[in-house]
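First up is the structure itself, then whatever we jot down about it.
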Amino acid sequence: MTLNRLFIQNLRNLEGVDITPSAQVNLIFGENGSGKTSVLEAVNLLALGRSFRSHKHKPLIRHHQNSFTVFGKVRVEDGSDVPIGINRTSEGLANFKVNGSMVPSAADLAAYLPVQVINSETFLLLEGSPQVRRQFIDWLVFHVEHGFFPAWKAIQRCLKHRNSLLRHDRIDPFELAPWDKELVLLTEQIHEFRLESFRQFHEVFDELCKEFTKLDGVKLSYYRGWDKDKNYAEVLSASLERDQRIGYTQSGSHRADLRITINGQYAAETLSRGQQKLLVCALKIAQGCVFSRITGRKSVYLVDDLPAELDEKHRALLVKWLATMGTQVFITGVDRDVLLASWLDKPEITPKLFHVEHGRVVEAPY
Ligand SMILES: Nc1ncnc2c1ncn2[C@@H]1O[C@H](COP(=O)(O)OP(=O)(O)OP(=O)(O)O)[C@@H](O)[C@H]1O
Ligand SMILES: [Mg+2]
């Protein structure tokens, strides 16, 4: 799975970009504020319909314009190219297209372009809220289990209804019962999907973690969102009174988390910032490896400002893994030579270089 054409119009300071990325390594350099992260943001928008920097779409639209467009061609397994695109207007309208036809949601794009992001935000995976780690687990589940997304959407709807009933002064048990029944079914289904992905993920992660972090005692466990010794139906009925008091459903797959500990202590509370970054890299690389192992496809890696995040030795380690995986990568940094240095000992790979200057992106000589 590679992006072999990228067209960007009116996104941030990028007025009109049209590049043909390499299926292997793309190094994007330019001074601060030139537009490097915006190029990665464009790829992420194409992949997920949203930015990794902002939940709002208005700041993404170039000043004094009323929409942005990102369009790309994705080379799929059978060797054909699938055009995909996204356009968003300042009025909030969003259009998603695959193969020239409108599709209802960004999730329809996501299946074509599985993207992994490594940036300063990603490094908050360990100390961020459970939601961040849930999204991390669900990336893999979404891409390997087609039943996951419909079940996930249905559960959001179900929780919304249940929570609104909980906020009524008097609860009619007959009204609540069908929602609880559906919630139990969906929750167990989601849990099974997650558990299976986690099991496969865990195996790969264990191998990788050692090499990346040189840490002993790293333990990864999946918390499903309710007591592991009780069934979910029991938990729901036992906590009804409390759920009602606080006005929402406390337990369930929407509270799932990934617990990462070192010798029994939370990684976020004991590791240095640098060690946390390495651990996150191991998590991200492991995820791409498992994805490939299960689906036979490869994800695209977007690595923002690599030299600012990792020292030379660890950059080399990350690059080694990216090279071994043979995935398409887009890496940004201020200095061309620093970016290039990590790839010089890999004669089988000739990176493509792109220079970004005041929002213009041009291919630069190797
Ligand atoms: N909506 C917008 N319209 C026009 N320009 C914008 C908009 N939003 C942000 N910018 C500008 O776009 C530029 C590109 O920002 P970007 O974060 O991509 O730069 P960068 O090359 O990654 O910089 P750094 O090296 O500092 O990370 C910045 O100068 C920013 O001020
Ligand atoms: Mg940047």
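Letters A, B, ... mark the chains of the structure tokens in the order given; residue numbers begin at 1 per chain; ligand numbers begin at 1, in order shown.
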Inset, instruction - DSSP on the backbone, then: every residue of range 141-246 of chain A marked alpha helix (DSSP H), written as a count of residues only. - result: 78
Between chain A and ligand 2, at 10 Å or less, what are the per-residue closest atom pairs and their distances in Å? Count only C-alpha atoms and all ligand atoms, order by chain and rising residue number, and return it as CSV.
residue,atom,partner,partner_atom_place_in_ligand_line,distance
A:Phe29,CA,ligand 2,1 (Mg),9.8
A:Gly30,CA,ligand 2,1 (Mg),9.4
A:Glu31,CA,ligand 2,1 (Mg),9.1
A:Asn32,CA,ligand 2,1 (Mg),6.8
A:Gly33,CA,ligand 2,1 (Mg),6.8
A:Ser34,CA,ligand 2,1 (Mg),8.1
A:Gly35,CA,ligand 2,1 (Mg),6.9
A:Lys36,CA,ligand 2,1 (Mg),5.5
A:Thr37,CA,ligand 2,1 (Mg),4.1
A:Ser38,CA,ligand 2,1 (Mg),7.3
A:Val39,CA,ligand 2,1 (Mg),9.3
A:Leu40,CA,ligand 2,1 (Mg),9.0
A:Glu41,CA,ligand 2,1 (Mg),9.7
A:Asn119,CA,ligand 2,1 (Mg),9.3
A:Ser120,CA,ligand 2,1 (Mg),9.9
A:Asp304,CA,ligand 2,1 (Mg),6.6
A:Asp305,CA,ligand 2,1 (Mg),6.3
A:Thr332,CA,ligand 2,1 (Mg),7.6
A:Gly333,CA,ligand 2,1 (Mg),7.7
A:Val334,CA,ligand 2,1 (Mg),8.6
Keeping only C-alpha atoms, write the selected residues as a short mmCIF file (atom, residue, chain, number, x, y, z; two decimals), in the first residue's frame.
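part23.cif, written as the output of this step:
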data_model
loop_
_atom_site.label_atom_id
_atom_site.label_comp_id
_atom_site.auth_asym_id
_atom_site.auth_seq_id
_atom_site.Cartn_x
_atom_site.Cartn_y
_atom_site.Cartn_z
CA PHE A 29 13.25 19.12 4.73
CA GLY A 30 12.95 22.88 5.09
CA GLU A 31 13.27 25.59 7.66
CA ASN A 32 10.91 26.12 10.61
CA GLY A 33 7.47 27.20 9.51
CA SER A 34 8.02 26.24 5.86
CA GLY A 35 5.18 23.65 5.73
CA LYS A 36 6.79 20.23 6.40
CA THR A 37 4.34 19.09 9.07
CA SER A 38 1.50 20.33 6.86
CA VAL A 39 2.58 17.87 4.15
CA LEU A 40 2.31 15.00 6.66
CA GLU A 41 -0.95 16.45 7.90
CA ASN A 119 5.31 12.79 16.24
CA SER A 120 5.59 14.71 19.49
CA ASP A 304 7.48 14.30 12.03
CA ASP A 305 10.68 16.08 12.95
CA THR A 332 10.49 15.48 8.10
CA GLY A 333 13.33 17.48 9.59
CA VAL A 334 14.96 20.87 9.24
#
Inset, instruction - Give me the residues within 9 Å of range 272-274 of chain A as an NGL selection string, counting only C-alpha atoms and dropping any in the same chain fewer than 4 places off. - result: :A and (123 or 268 or 278-279 or 309-311)
Kindly export the residues of the current selection with N, CA and C atoms, as a PDB file, in the first residue's frame.
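Saved the output as part-v8.pdb:
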ATOM      1  N   PHE A 123       4.217  10.642  21.323  1.00  0.00           N
ATOM      2  CA  PHE A 123       5.048  10.322  22.467  1.00  0.00           C
ATOM      3  C   PHE A 123       4.290  10.500  23.780  1.00  0.00           C
ATOM      4  N   ALA A 268       4.631   5.470  32.345  1.00  0.00           N
ATOM      5  CA  ALA A 268       4.607   6.939  32.294  1.00  0.00           C
ATOM      6  C   ALA A 268       5.143   7.560  33.583  1.00  0.00           C
ATOM      7  N   LEU A 278      11.234   5.837  23.105  1.00  0.00           N
ATOM      8  CA  LEU A 278      11.681   4.571  22.523  1.00  0.00           C
ATOM      9  C   LEU A 278      10.597   3.499  22.652  1.00  0.00           C
ATOM     10  N   LEU A 279       9.974   3.508  23.805  1.00  0.00           N
ATOM     11  CA  LEU A 279       8.904   2.531  24.032  1.00  0.00           C
ATOM     12  C   LEU A 279       7.752   2.771  23.050  1.00  0.00           C
ATOM     13  N   GLU A 309      13.260  14.550  17.833  1.00  0.00           N
ATOM     14  CA  GLU A 309      12.654  13.625  18.789  1.00  0.00           C
ATOM     15  C   GLU A 309      13.625  12.568  19.322  1.00  0.00           C
ATOM     16  N   LEU A 310      14.483  12.061  18.430  1.00  0.00           N
ATOM     17  CA  LEU A 310      15.375  10.979  18.866  1.00  0.00           C
ATOM     18  C   LEU A 310      16.832  11.334  18.596  1.00  0.00           C
ATOM     19  N   ASP A 311      17.721  10.810  19.440  1.00  0.00           N
ATOM     20  CA  ASP A 311      19.142  11.054  19.192  1.00  0.00           C
ATOM     21  C   ASP A 311      19.615  10.172  18.027  1.00  0.00           C
TER      22      ASP A 311
END
Legend entry - Exercise: Asn10 in chain A partners within 8 Å, only C-alpha atoms, chain neighbours under 3 positions left out, as number ranges by chain: A: 13-16, 61-62, 65, 67-69
Inset, instruction - Find the distance between CA of Leu3 in chain A and CA of Lys313 in chain A and write it in Å to one decimal. - result: 28.6 Å
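Neighbours of Phe354 in chain A closer than or equal to 8 Å, with only C-alpha atoms counted and sequence neighbours fewer than 4 positions away skipped, come out as Asn26, Leu27, Ile28, Phe29, Val361, Val362, Glu363 and Ala364 of chain A.
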File dump, residues just selected, C-alpha atoms, as a PDB file, in the first residue's frame:
ATOM      1  CA  ASN A  26      10.594  10.291   1.394  1.00  0.00           C
ATOM      2  CA  LEU A  27      12.619  12.875   3.288  1.00  0.00           C
ATOM      3  CA  ILE A  28      11.007  16.285   3.607  1.00  0.00           C
ATOM      4  CA  PHE A  29      13.246  19.125   4.734  1.00  0.00           C
ATOM      5  CA  VAL A 361       7.361  21.653  -2.209  1.00  0.00           C
ATOM      6  CA  VAL A 362       9.903  20.661  -4.839  1.00  0.00           C
ATOM      7  CA  GLU A 363      11.811  17.462  -5.370  1.00  0.00           C
ATOM      8  CA  ALA A 364      15.474  18.024  -4.557  1.00  0.00           C
TER       9      ALA A 364
END
Inset, instruction - Rank A:Val141, A:Leu185, A:Val82, A:Ile171 by their smallest atom-to-atom distance to Ile155 in chain A, using only C-alpha atoms, and report the top residue only. - result: A:Leu185
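Between ligand 1 and the residues A:Asp335, A:Glu192, A:Asp138, A:Asp345, the shortest atom-to-atom distance, using only C-alpha atoms and all ligand atoms, involves A:Asp335.
Here CA of Arg360 in chain A is placed at a distance of 6.7 Å from CA of Val17 in chain A.
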Legend entry - Nearby residues (only C-alpha atoms) at most 9 Å from Cys289 in chain A, same-chain spacing under 4 positions excluded, as a list in words: Phe201, Val204, Lys284, Ile285, Arg293, Ile294, Lys298, Ser299 and Met325 of chain A
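For the set A:Thr213, A:Ser164, A:Ala177, A:Trp152, the residue with the smallest atom-to-atom gap to Gln189 in chain A is A:Trp152, counting only C-alpha atoms.
Proximity to ligand 1 was assessed for A:Phe193, A:Phe136, A:Tyr301, A:Phe52 counting only C-alpha atoms and all ligand atoms; the smallest distance is recorded for A:Phe52.
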Inset, instruction - Extract, using only C-alpha atoms, all DNA, RNA and protein residues at most 10 Å from Gln200 in chain A, discarding same-chain residues fewer than 2 positions from it, and format them as a PyMOL selection string. - result: chain A and resi 195-198+202-205+286-287+290-291+293-294
Inset, instruction - Choose the residue, out of A:Tyr266, A:Trp226, A:Phe71, A:Phe212, that has the smallest atom-to-atom separation from Phe7 in chain A; count only C-alpha atoms. - result: A:Phe71
Legend entry - Residue nearest ligand 1 - candidates A:Arg5, A:Arg50, A:Arg134, A:Lys58, atoms counted: only C-alpha atoms and all ligand atoms: A:Lys58
Inset, instruction - Provide the CA of Ile260 in chain A to CA of Leu220 in chain A distance in Å, to one decimal place. - result: 4.7 Å
Legend entry - DSSP strand (DSSP E) residues within range 153-353 of chain A, as a ChimeraX atom specification: /A:218-223,257-262,265-266,300-303,329-333,352-353
